[in-house]
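For reference, structure-v2.cif (mmCIF, C-alpha atoms):
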data_work
loop_
_atom_site.label_atom_id
_atom_site.label_comp_id
_atom_site.auth_asym_id
_atom_site.auth_seq_id
_atom_site.Cartn_x
_atom_site.Cartn_y
_atom_site.Cartn_z
CA MET O 253 -4.61 -7.90 10.99
CA SER O 254 -6.12 -8.40 7.57
CA ASP O 255 -4.32 -10.13 4.75
CA ARG O 256 -3.58 -6.76 3.19
CA GLU O 257 -2.15 -5.45 6.45
CA ILE O 258 0.09 -8.51 6.70
CA ASP O 259 1.35 -7.77 3.19
CA GLN O 260 1.92 -4.15 4.19
CA GLN O 261 3.90 -5.29 7.22
CA LEU O 262 6.06 -7.50 5.00
CA VAL O 263 6.55 -4.62 2.58
CA GLU O 264 7.63 -2.29 5.37
CA LYS O 265 10.04 -4.88 6.68
CA ALA O 266 11.48 -5.24 3.18
CA GLN O 267 11.65 -1.45 2.90
CA ARG O 268 13.82 -1.46 6.00
CA GLY O 269 16.23 -3.78 4.24
CA ASP O 270 14.93 -7.25 5.13
CA LYS O 271 15.06 -9.24 1.92
CA LYS O 272 13.56 -12.31 3.58
CA ALA O 273 10.34 -10.41 4.11
CA PHE O 274 10.18 -9.73 0.39
CA GLU O 275 10.88 -13.41 -0.29
CA MET O 276 7.79 -14.24 1.75
CA LEU O 277 5.78 -12.07 -0.62
CA VAL O 278 7.39 -13.83 -3.58
CA VAL O 279 6.43 -17.23 -2.17
CA LYS O 280 2.90 -16.03 -1.52
CA TYR O 281 2.27 -14.53 -4.95
CA GLN O 282 4.55 -16.37 -7.37
CA ARG O 283 1.93 -18.83 -8.59
CA LYS O 284 -0.76 -16.19 -8.81
CA LEU O 285 1.52 -13.90 -10.80
CA GLU O 286 2.64 -16.72 -13.09
CA ARG O 287 -0.94 -17.71 -13.80
CA LEU O 288 -1.66 -14.10 -14.62
CA LEU O 289 1.33 -13.92 -16.94
CA SER O 290 0.21 -17.12 -18.63
CA ARG O 291 -2.65 -15.08 -20.08
CA ILE O 292 -0.12 -13.02 -21.99
CA ILE O 293 2.85 -15.32 -22.53
CA ARG O 294 2.61 -18.92 -23.58
CA ASP O 295 6.03 -20.39 -22.97
CA PRO O 296 6.54 -21.56 -19.33
CA ALA O 297 10.24 -20.67 -19.39
CA GLU O 298 9.42 -17.16 -20.57
CA ILE O 299 6.77 -16.86 -17.88
CA GLU O 300 9.41 -17.65 -15.26
CA ASP O 301 11.75 -15.07 -16.78
CA VAL O 302 9.10 -12.36 -16.78
CA ALA O 303 7.88 -13.29 -13.29
CA GLN O 304 11.41 -13.02 -11.95
CA GLU O 305 11.91 -9.69 -13.68
CA ALA O 306 8.60 -8.39 -12.34
CA PHE O 307 9.51 -9.36 -8.78
CA ILE O 308 12.93 -7.73 -9.03
CA LYS O 309 11.38 -4.59 -10.51
CA ALA O 310 8.92 -4.57 -7.64
CA TYR O 311 11.74 -4.96 -5.14
CA ARG O 312 13.65 -2.05 -6.66
CA ALA O 313 10.52 0.08 -6.65
CA LEU O 314 9.62 -0.80 -3.06
CA PRO O 315 10.81 2.55 -1.63
CA ASN O 316 8.08 4.19 -3.73
CA PHE O 317 5.33 1.81 -2.61
CA ARG O 318 3.20 3.74 -0.15
CA GLY O 319 0.45 1.23 0.48
CA ASP O 320 -2.24 3.25 -1.29
CA SER O 321 -3.25 0.04 -3.04
CA ALA O 322 -2.88 -3.59 -2.02
CA PHE O 323 0.57 -5.03 -2.65
CA TYR O 324 -0.78 -7.55 -5.15
CA THR O 325 -2.61 -4.87 -7.12
CA TRP O 326 0.67 -3.02 -7.41
CA LEU O 327 2.56 -6.21 -8.32
CA TYR O 328 -0.13 -7.06 -10.87
CA ARG O 329 0.48 -3.79 -12.71
CA ILE O 330 4.22 -4.33 -12.67
CA GLY O 331 3.72 -7.88 -13.95
CA ILE O 332 1.45 -6.79 -16.80
CA ASN O 333 3.79 -3.97 -17.84
CA THR O 334 6.82 -6.23 -17.67
CA ALA O 335 5.08 -8.83 -19.84
CA LYS O 336 3.99 -6.21 -22.38
CA ASN O 337 7.48 -4.77 -22.60
CA TYR O 338 8.89 -8.25 -22.96
CA LEU O 339 6.62 -8.99 -25.91
CA ILE O 340 7.32 -5.62 -27.52
CA ALA O 341 11.05 -6.22 -27.21
CA LEU O 342 10.58 -9.50 -29.02
CA GLY O 343 8.53 -7.81 -31.72
CA ARG O 344 5.40 -9.63 -30.68
CA ARG O 345 2.00 -8.09 -30.19
CA ALA O 346 1.40 -6.94 -26.66
CA PRO O 347 -2.14 -6.92 -25.32
CA THR O 348 -3.88 -3.57 -25.16
CA SER O 349 -4.31 -1.90 -21.83
CA THR O 350 -8.06 -2.55 -21.84
CA GLU O 351 -7.44 -6.29 -22.01
CA PHE O 352 -5.85 -6.14 -18.58
CA ASP O 353 -7.65 -3.66 -16.45
CA SER O 354 -5.83 -3.11 -13.19
CA GLU O 355 -9.19 -2.93 -11.44
CA GLU O 356 -9.56 -6.67 -11.82
CA ALA O 357 -6.29 -7.27 -10.02
CA GLU O 358 -7.81 -7.59 -6.55
CA GLY O 359 -10.32 -10.14 -7.68
CA PHE O 360 -8.07 -12.01 -10.03
CA GLU O 361 -8.44 -15.69 -9.31
CA ASP O 362 -6.33 -17.84 -11.43
CA ALA O 363 -8.06 -21.18 -11.62
CA ALA O 364 -10.96 -20.92 -13.97
CA GLY O 365 -10.54 -20.74 -17.68
CA LEU O 366 -6.87 -19.96 -17.72
CA ARG O 367 -4.31 -21.63 -19.83
CA ASP O 368 -2.50 -24.55 -18.28
CA ILE O 369 1.11 -23.48 -18.09
CA ASN O 370 2.46 -26.89 -17.22
CA THR O 371 4.86 -28.51 -19.60
CA PRO O 372 4.17 -32.16 -20.44
CA GLU O 373 7.08 -33.23 -18.28
CA SER O 374 5.71 -31.51 -15.22
CA GLU O 375 2.08 -32.34 -15.85
CA LEU O 376 2.26 -35.67 -14.09
CA ALA O 377 3.96 -34.19 -11.06
CA THR O 378 1.38 -31.42 -10.95
CA LYS O 379 -1.45 -33.91 -11.01
CA GLN O 380 0.22 -35.92 -8.28
CA ILE O 381 0.53 -32.88 -6.05
CA ALA O 382 -3.10 -31.95 -6.59
CA GLN O 383 -4.17 -35.56 -6.01
CA THR O 384 -2.14 -35.79 -2.79
CA VAL O 385 -3.66 -32.59 -1.43
CA ASN O 386 -7.17 -33.67 -2.34
CA ASP O 387 -6.66 -37.14 -0.86
CA ALA O 388 -5.20 -35.66 2.31
CA ILE O 389 -8.15 -33.29 2.66
CA ALA O 390 -10.60 -36.12 2.10
CA ALA O 391 -8.89 -38.17 4.81
CA LEU O 392 -9.14 -35.41 7.41
CA PRO O 393 -11.58 -35.64 10.30
CA GLU O 394 -14.72 -33.78 9.36
CA GLU O 395 -14.19 -30.80 11.68
CA LEU O 396 -10.71 -30.18 10.28
CA ARG O 397 -11.89 -30.60 6.70
CA THR O 398 -14.79 -28.23 7.21
CA ALA O 399 -12.60 -25.62 8.88
CA ILE O 400 -9.91 -25.54 6.20
CA THR O 401 -12.44 -25.70 3.39
CA LEU O 402 -14.40 -22.76 4.77
CA ARG O 403 -11.16 -20.84 5.08
CA GLU O 404 -9.38 -21.66 1.83
CA LEU O 405 -12.29 -22.15 -0.55
CA ASP O 406 -14.88 -19.81 0.87
CA GLY O 407 -12.44 -17.28 2.27
CA LEU O 408 -14.29 -16.94 5.55
CA SER O 409 -12.69 -15.33 8.58
CA TYR O 410 -12.02 -17.30 11.75
CA GLU O 411 -14.90 -15.51 13.41
CA GLU O 412 -17.33 -16.50 10.68
CA ILE O 413 -16.11 -20.10 10.74
CA ALA O 414 -16.48 -20.15 14.52
CA GLN O 415 -20.11 -19.09 14.17
CA ILE O 416 -20.82 -21.71 11.54
CA MET O 417 -19.09 -24.48 13.48
CA SER O 418 -20.35 -23.28 16.86
CA CYS O 419 -16.94 -23.31 18.47
CA PRO O 420 -14.47 -20.76 19.84
CA ILE O 421 -12.19 -18.86 17.46
CA GLY O 422 -9.16 -20.49 19.08
CA THR O 423 -10.55 -23.89 18.12
CA VAL O 424 -10.96 -22.77 14.51
CA ARG O 425 -7.39 -21.56 14.45
CA SER O 426 -6.18 -24.87 15.86
CA ARG O 427 -8.27 -26.95 13.44
CA ILE O 428 -7.05 -25.08 10.39
CA PHE O 429 -3.48 -25.41 11.55
CA ARG O 430 -3.85 -29.15 12.20
CA ALA O 431 -5.48 -29.61 8.80
CA ARG O 432 -2.60 -27.83 7.08
CA GLU O 433 -0.04 -29.85 8.99
CA ALA O 434 -1.76 -33.13 8.09
CA VAL O 435 -1.82 -32.22 4.40
CA ALA O 436 1.75 -30.94 4.47
CA ALA O 437 2.94 -34.18 6.08
CA ARG O 438 1.57 -36.17 3.14
CA LEU O 439 2.83 -33.65 0.63
CA ARG O 440 6.36 -33.27 1.94
CA PRO O 441 7.83 -36.41 0.30
CA GLN O 442 6.70 -35.09 -3.09
CA LEU O 443 8.06 -31.59 -2.70
CA GLY O 444 11.44 -30.63 -3.98
CA THR O 445 11.89 -33.89 -5.85
CA THR O 446 11.91 -32.35 -9.30
CA LYS O 447 15.56 -31.39 -9.78
CA ASP O 448 16.10 -27.90 -8.40
CA LYS O 449 12.54 -26.81 -8.86
CA ARG O 450 10.30 -25.93 -5.97
CA TRP O 451 6.54 -25.98 -5.79
CA MET A 188 5.24 -20.93 16.12
CA THR A 189 3.87 -23.03 13.23
CA GLN A 190 0.32 -22.36 14.36
CA GLU A 191 1.08 -18.63 14.25
CA ILE A 192 2.42 -19.01 10.71
CA SER A 193 -0.81 -20.73 9.75
CA ALA A 194 -2.82 -17.88 11.28
CA LEU A 195 -0.49 -15.35 9.65
CA MET A 196 -1.44 -16.77 6.25
CA ASP A 197 -5.07 -16.14 7.08
CA GLY A 198 -4.49 -12.59 8.30
CA GLU A 199 -5.79 -13.59 11.73
CA LEU A 200 -3.03 -12.39 14.04
CA GLU A 201 -2.74 -9.32 16.20
CA PRO A 202 -0.01 -6.94 14.99
CA GLN A 203 2.52 -8.03 17.61
CA GLU A 204 1.87 -11.73 16.96
CA ALA A 205 2.16 -11.11 13.24
CA GLU A 206 5.44 -9.33 13.75
CA ARG A 207 6.77 -12.29 15.73
CA ALA A 208 5.62 -14.80 13.11
CA ILE A 209 7.12 -12.76 10.28
CA ARG A 210 10.37 -12.45 12.19
CA ALA A 211 10.40 -16.23 12.65
CA CYS A 212 9.85 -16.83 8.94
CA CYS A 213 12.64 -14.42 8.09
CA ALA A 214 15.05 -15.94 10.60
CA SER A 215 14.39 -19.66 10.33
CA SER A 216 14.39 -21.76 7.17
CA GLU A 217 12.05 -24.25 8.85
CA ALA A 218 9.50 -21.52 9.47
CA ALA A 219 10.00 -20.23 5.92
CA ASP A 220 9.35 -23.76 4.61
CA LYS A 221 6.09 -23.86 6.56
CA TRP A 222 5.09 -20.57 4.97
CA GLU A 223 5.84 -22.06 1.56
CA GLU A 224 4.01 -25.34 2.21
CA TYR A 225 0.90 -23.66 3.58
CA ASN A 226 0.77 -21.28 0.63
CA LEU A 227 1.10 -24.19 -1.77
CA ILE A 228 -1.72 -26.08 -0.06
CA GLY A 229 -3.93 -23.02 -0.23
CA ASP A 230 -3.23 -22.56 -3.94
CA VAL A 231 -4.00 -26.22 -4.70
CA LEU A 232 -7.23 -26.11 -2.72
CA ARG A 233 -8.33 -23.04 -4.62
CA GLY A 234 -7.89 -25.02 -7.80
CA ASN A 235 -4.74 -23.20 -8.70
CA LEU A 236 -2.88 -26.17 -10.11
CA PRO A 237 0.74 -25.79 -9.15
CA HIS A 238 3.69 -26.40 -11.35
CA PRO A 239 7.27 -26.84 -10.35
CA THR A 240 8.78 -23.41 -10.59
CA ARG A 241 12.17 -21.91 -10.02
CA THR A 242 10.78 -18.43 -9.72
CA ALA A 243 11.13 -18.10 -5.96
CA GLN A 244 14.67 -19.50 -6.02
CA ARG A 245 15.64 -17.32 -8.97
CA VAL A 246 14.28 -14.25 -7.26
CA ARG A 247 16.19 -15.23 -4.09
CA ASP A 248 19.40 -15.51 -6.10
CA ALA A 249 18.75 -12.21 -7.85
CA LEU A 250 17.91 -10.51 -4.56
CA ALA A 251 21.22 -11.61 -3.14
CA ALA A 252 22.89 -9.41 -5.75
CA GLU A 253 20.58 -6.48 -5.04
CA PRO A 254 21.61 -3.81 -2.55
CA ALA A 255 19.45 -3.84 0.53
CA ILE A 256 16.80 -1.16 0.57
CA ILE A 257 17.19 1.32 3.37
CA SER A 258 14.17 3.54 3.28
CA ARG A 259 11.67 4.74 5.76
CA PRO A 260 8.34 3.17 4.92
CA LYS A 261 5.79 5.69 3.78
CA ARG A 262 2.49 4.93 5.41
CA VAL A 263 -0.82 6.00 4.01
CA TYR A 264 -1.46 8.24 7.00
CA GLU A 265 1.81 9.99 6.29
CA THR A 266 0.75 10.75 2.76
CA THR A 267 -2.88 11.23 1.86
CA VAL A 268 -4.37 11.46 5.32
CA GLY A 269 -1.33 13.30 6.57
CA ARG A 270 -1.65 15.91 3.88
CA ILE A 271 -5.35 16.35 4.59
CA ALA A 272 -4.64 16.69 8.31
CA LEU A 273 -1.90 19.20 7.63
CA ALA A 274 -4.16 21.24 5.35
CA ALA A 275 -6.93 21.14 7.95
CA ALA A 276 -4.54 22.24 10.68
CA ALA A 277 -3.27 25.08 8.49
CA SER A 278 -6.85 26.19 7.77
CA VAL A 279 -7.75 26.14 11.45
CA ALA A 280 -4.59 28.06 12.30
CA THR A 281 -5.35 30.66 9.61
CA VAL A 282 -8.92 31.09 10.79
CA GLY A 283 -7.64 31.35 14.36
CA VAL A 284 -5.07 34.02 13.54
CA VAL A 285 -7.52 36.02 11.42
CA GLY A 286 -10.12 35.72 14.14
CA TRP A 287 -7.65 36.82 16.79
CA MET A 288 -6.56 39.79 14.68
CA GLY A 289 -10.19 40.71 14.15
CA SER A 290 -10.90 40.56 17.84
CA GLN A 291 -7.86 42.68 18.56
CA GLN A 292 -8.98 45.30 16.04
CA GLY A 293 -12.50 45.06 17.32
CA GLY A 294 -11.25 45.87 20.79
CA GLN A 295 -9.40 48.92 19.55
CA SER A 296 -12.34 50.20 17.51
CA SER A 297 -14.59 49.93 20.49
CA SER A 298 -12.30 52.34 22.21
CA GLY A 299 -13.03 54.61 19.28
CA SER A 300 -10.27 55.27 16.81
CA LEU A 301 -8.95 53.26 13.86
CA VAL A 302 -11.82 51.57 12.07
CA ALA A 303 -13.96 53.77 9.85
CA LYS A 304 -17.63 53.41 10.53
CA SER A 305 -20.26 52.87 7.85
CA PRO A 306 -21.60 55.95 6.05
CA GLY A 307 -25.09 55.19 7.31
CA THR A 308 -24.27 55.92 10.89
CA SER A 309 -24.75 59.49 12.04
CA ASN A 310 -21.85 59.84 14.41
CA ILE A 311 -19.25 59.66 11.70
CA GLN A 312 -15.82 60.53 12.87
CA PRO A 313 -14.32 62.54 10.02
CA VAL A 314 -11.11 61.50 8.48
CA GLY A 315 -9.69 64.58 10.10
CA ASN A 316 -9.23 62.52 13.21
CA VAL A 317 -6.68 60.52 11.31
CA VAL A 318 -3.51 62.42 10.81
CA PRO A 319 -2.31 62.14 7.18
CA LEU A 320 0.94 60.34 7.44
CA ALA A 321 2.81 62.24 4.75
CA SER A 322 1.78 65.56 6.18
CA THR A 323 3.83 65.10 9.30
CA VAL A 324 7.31 66.41 9.23
CA ASP A 325 8.78 63.14 10.39
CA MET A 326 7.12 61.20 7.63
CA GLN A 327 8.16 63.71 4.98
CA ASP A 328 11.71 63.34 6.12
CA TYR A 329 11.37 59.59 6.12
CA VAL A 330 9.98 59.50 2.60
CA ALA A 331 12.58 61.95 1.37
CA ALA A 332 15.28 59.86 2.85
CA HIS A 333 13.94 56.80 1.06
CA LYS A 334 13.21 58.31 -2.32
CA GLN A 335 15.37 55.75 -3.99
CA LEU A 336 12.77 53.17 -3.06
CA PRO A 337 9.89 52.94 -5.53
CA SER A 338 7.48 52.46 -2.68
CA ALA A 339 8.28 55.90 -1.37
CA GLN A 340 7.06 57.42 -4.63
CA LEU A 341 3.97 55.34 -4.56
CA TYR A 342 3.01 56.26 -1.04
CA ARG A 343 3.03 60.00 -1.53
CA PRO A 344 0.16 60.41 -4.07
CA VAL A 345 -2.02 57.91 -2.26
CA VAL A 346 -1.74 59.77 1.00
CA ASN A 347 -2.19 63.09 -0.77
CA ASN A 348 -5.26 61.90 -2.61
CA ARG A 349 -6.82 60.84 0.64
CA ALA A 350 -5.75 63.98 2.41
CA ALA A 351 -7.20 66.30 -0.31
CA PRO A 352 -10.90 65.39 0.07
CA ALA A 353 -10.45 65.39 3.78
CA ALA A 354 -9.09 68.89 3.61
CA ALA A 355 -11.87 69.94 1.21
CA ALA A 356 -14.46 68.54 3.58
CA ARG A 357 -13.05 70.69 6.31
#
Using the file provided, produce a representation of the structure as structure tokens.
Amino acid sequence: MSDREIDQQLVEKAQRGDKKAFEMLVVKYQRKLERLLSRIIRDPAEIEDVAQEAFIKAYRALPNFRGDSAFYTWLYRIGINTAKNYLIALGRRAPTSTEFDSEEAEGFEDAAGLRDINTPESELATKQIAQTVNDAIAALPEELRTAITLRELDGLSYEEIAQIMSCPIGTVRSRIFRAREAVAARLRPQLGTTKDKRW
Amino acid sequence: MTQEISALMDGELEPQEAERAIRACCASSEAADKWEEYNLIGDVLRGNLPHPTRTAQRVRDALAAEPAIISRPKRVYETTVGRIALAAAASVATVGVVGWMGSQQGGQSSSGSLVAKSPGTSNIQPVGNVVPLASTVDMQDYVAAHKQLPSAQLYRPVVNNRAAPAAAAR
């Protein structure tokens, strides 16, 4: 199943009343949505408010989601509209529709050139998390590092990685899993340590 | 199961495996934590610097107050493709019925009665073969009995108009 099909499966589960399935989508897309919103709204607290509102709006509208577009494309539009309405309600200028074309939703990657939405107080913690992940990746055996890098950075499928690494697909799956577990083990002590906030 | 959750993130599971992994994440907080950790790692690796956020927790709290959705999922094939398939089936059915009716009429005309032949053919069967409906006593009675219906008034001149040239031809 493709990533989009997984999302569709989660959506259908949520449409049958399983809120946990929707929470999985929230976990998956919260950072991406917040980075998107940071292009429209500056204040991190407001971004959280709008992100929460967008997710709840999406949840309420789930019965109308038919899967004609990818879930994130749909969520993207809800997020943009929620942010615009939020700014209008505050009497601030909302971006024009052409500034946020929904066609770019699928390809929206949030790293490059976007505003840093960290507050000074969380900046250190953010850097520590990033440093821990990078250190953990660097410490991995080469075959695990290559596998997870090809997957996460290059977005290759297991089949493509298997061809590049000349190994069975099952081995790729195992290597990526072991890489994630190794990084998570080093990351775990740092997670959930900032009051009630999660990462 | 954790390996399945890892593969689930990558969209690399068969539908049944994916269903199992999703069910595990929905049922177990440990599995849900794995889902969260792996997503975080992916975001960091993609250069998406994380920040501590309460969004997921706030949405969880808000969802708790939301009524559960009970709706049948609408799949794409039930909508766009379904509509196209339905339209295609209706077209085929229409063509089939029209074709069948044509073949039935064709069979009757070959036995020589109802369908008028083209003027170019020499063995024209005159309209005289066709009995004018309104000229029969039964039909007159029928029309008279239904004079209150507008259609009864409409039928009479049409039949008469057709019957007149036929009579003149005779």
Exercise for review: Quote the spacing between CA of Ile308 in chain O and CA of Leu250 in chain A in Å to one decimal place.
Suggested key: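 Rounded to one decimal, the two atoms are 7.2 Å apart.
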Review point. In terms of the shortest atom-to-atom distance over all atoms listed in the file, which of A:Ser193, A:Ile271, A:Ala205, A:Met188 is closest to Met253 in chain O?
Key: A:Ala205
Check your understanding: Of the candidates O:Ser254, O:Ser409, O:Asn316, O:Ser418, which one gets nearest to chain A if we count all atoms listed in the file?
Key ->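 Closest to chain A, using all atoms listed in the file: O:Ser254.
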Check your understanding: CA of Arg287 in chain O and CA of Ala303 in chain O are how many Å apart?
Key ->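 Atom-to-atom, CA of Arg287 in chain O and CA of Ala303 in chain O are spaced 9.9 Å apart.
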**Study point:** the PyMOL selection byres ((chain A and resi 255-257) around 10) applied to the shown file, residues as a PyMOL selection string
**Key:** (chain O and resi 265-271+311-315) or (chain A and resi 250-254+258-260)
Practice item. Using all atoms listed in the file, pick whichever of O:Arg256, O:Arg329, O:Lys309, O:Lys272 has the shortest atom-to-atom distance to Arg247 in chain A. Key: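 Of O:Arg256, O:Arg329, O:Lys309, O:Lys272, the one nearest Arg247 in chain A, counting all atoms listed in the file, is O:Lys272.
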Explicit residue set for the PyMOL selection byres ((chain O and resi 322) around 10), as a PDB file with C-alpha atoms, in the frame of the given file:
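Wrote it out as selection-v4.pdb, contents follow:
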ATOM      1  CA  ASP O 255      -4.320 -10.130   4.750  1.00  0.00           C
ATOM      2  CA  ARG O 256      -3.580  -6.760   3.190  1.00  0.00           C
ATOM      3  CA  GLU O 257      -2.150  -5.450   6.450  1.00  0.00           C
ATOM      4  CA  ASP O 259       1.350  -7.770   3.190  1.00  0.00           C
ATOM      5  CA  GLN O 260       1.920  -4.150   4.190  1.00  0.00           C
ATOM      6  CA  PHE O 317       5.330   1.810  -2.610  1.00  0.00           C
ATOM      7  CA  ARG O 318       3.200   3.740  -0.150  1.00  0.00           C
ATOM      8  CA  GLY O 319       0.450   1.230   0.480  1.00  0.00           C
ATOM      9  CA  ASP O 320      -2.240   3.250  -1.290  1.00  0.00           C
ATOM     10  CA  SER O 321      -3.250   0.040  -3.040  1.00  0.00           C
ATOM     11  CA  PHE O 323       0.570  -5.030  -2.650  1.00  0.00           C
ATOM     12  CA  TYR O 324      -0.780  -7.550  -5.150  1.00  0.00           C
ATOM     13  CA  THR O 325      -2.610  -4.870  -7.120  1.00  0.00           C
ATOM     14  CA  TRP O 326       0.670  -3.020  -7.410  1.00  0.00           C
ATOM     15  CA  LEU O 327       2.560  -6.210  -8.320  1.00  0.00           C
ATOM     16  CA  TYR O 328      -0.130  -7.060 -10.870  1.00  0.00           C
ATOM     17  CA  ALA O 357      -6.290  -7.270 -10.020  1.00  0.00           C
ATOM     18  CA  GLU O 358      -7.810  -7.590  -6.550  1.00  0.00           C
TER      19      GLU O 358
END
Review point. Between A:Arg233, A:Ser290, A:Val279, A:Ala274, which is the closest to chain O once you count only C-alpha atoms?
Key: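 Ranking A:Arg233, A:Ser290, A:Val279, A:Ala274 by distance to chain O, first place goes to A:Arg233.
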Please write out, as AutoDock Vina command-line options, where the centre of an axis-aligned box around all listed atoms of range 280-287 of chain A lies and how long its edges are, in Å to one decimal, after adding 8 Å on each side.
--center_x -7.4 --center_y 32.4 --center_z 13.2 --size_x 21.5 --size_y 24.8 --size_z 23.2
**Study point:** Point-to-point distance in Å for CA of Leu289 in chain O and CA of Val246 in chain A
**Key:**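 Distance between the two atoms: 16.2 Å.
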Exercise for review: Given the file shown, enumerate the residues that the PyMOL selection byres ((chain O and resi 387) around 12) captures and present them as a PyMOL selection string.
Suggested key: (chain O and resi 379-386+388-392+397+434-436+438-439) or (chain A and resi 231-232)
Review point. Hey, which of O:Thr334, O:Leu396, O:Leu405, O:Glu412 ends up closest to chain A? Count all atoms listed in the file.
Key: O:Leu405
Point to revise | Closest of O:Ile340, O:Ala431, O:Ile293, O:Ile332 to chain A - atom-to-atom distances counting all atoms listed in the file | key: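 Looking at the shortest contact to chain A, the residue is O:Ala431.
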Check your understanding: Hey, can you pull every residue with an atom no more than 10 Å from (3.1, -22.1, 16.3), using all atoms listed in the file, and send it as a list in words?
Key -> Ser426 and Phe429 of chain O; Met188, Thr189, Gln190, Glu191, Ile192, Ser193, Ala194, Ala208 and Ala218 of chain A
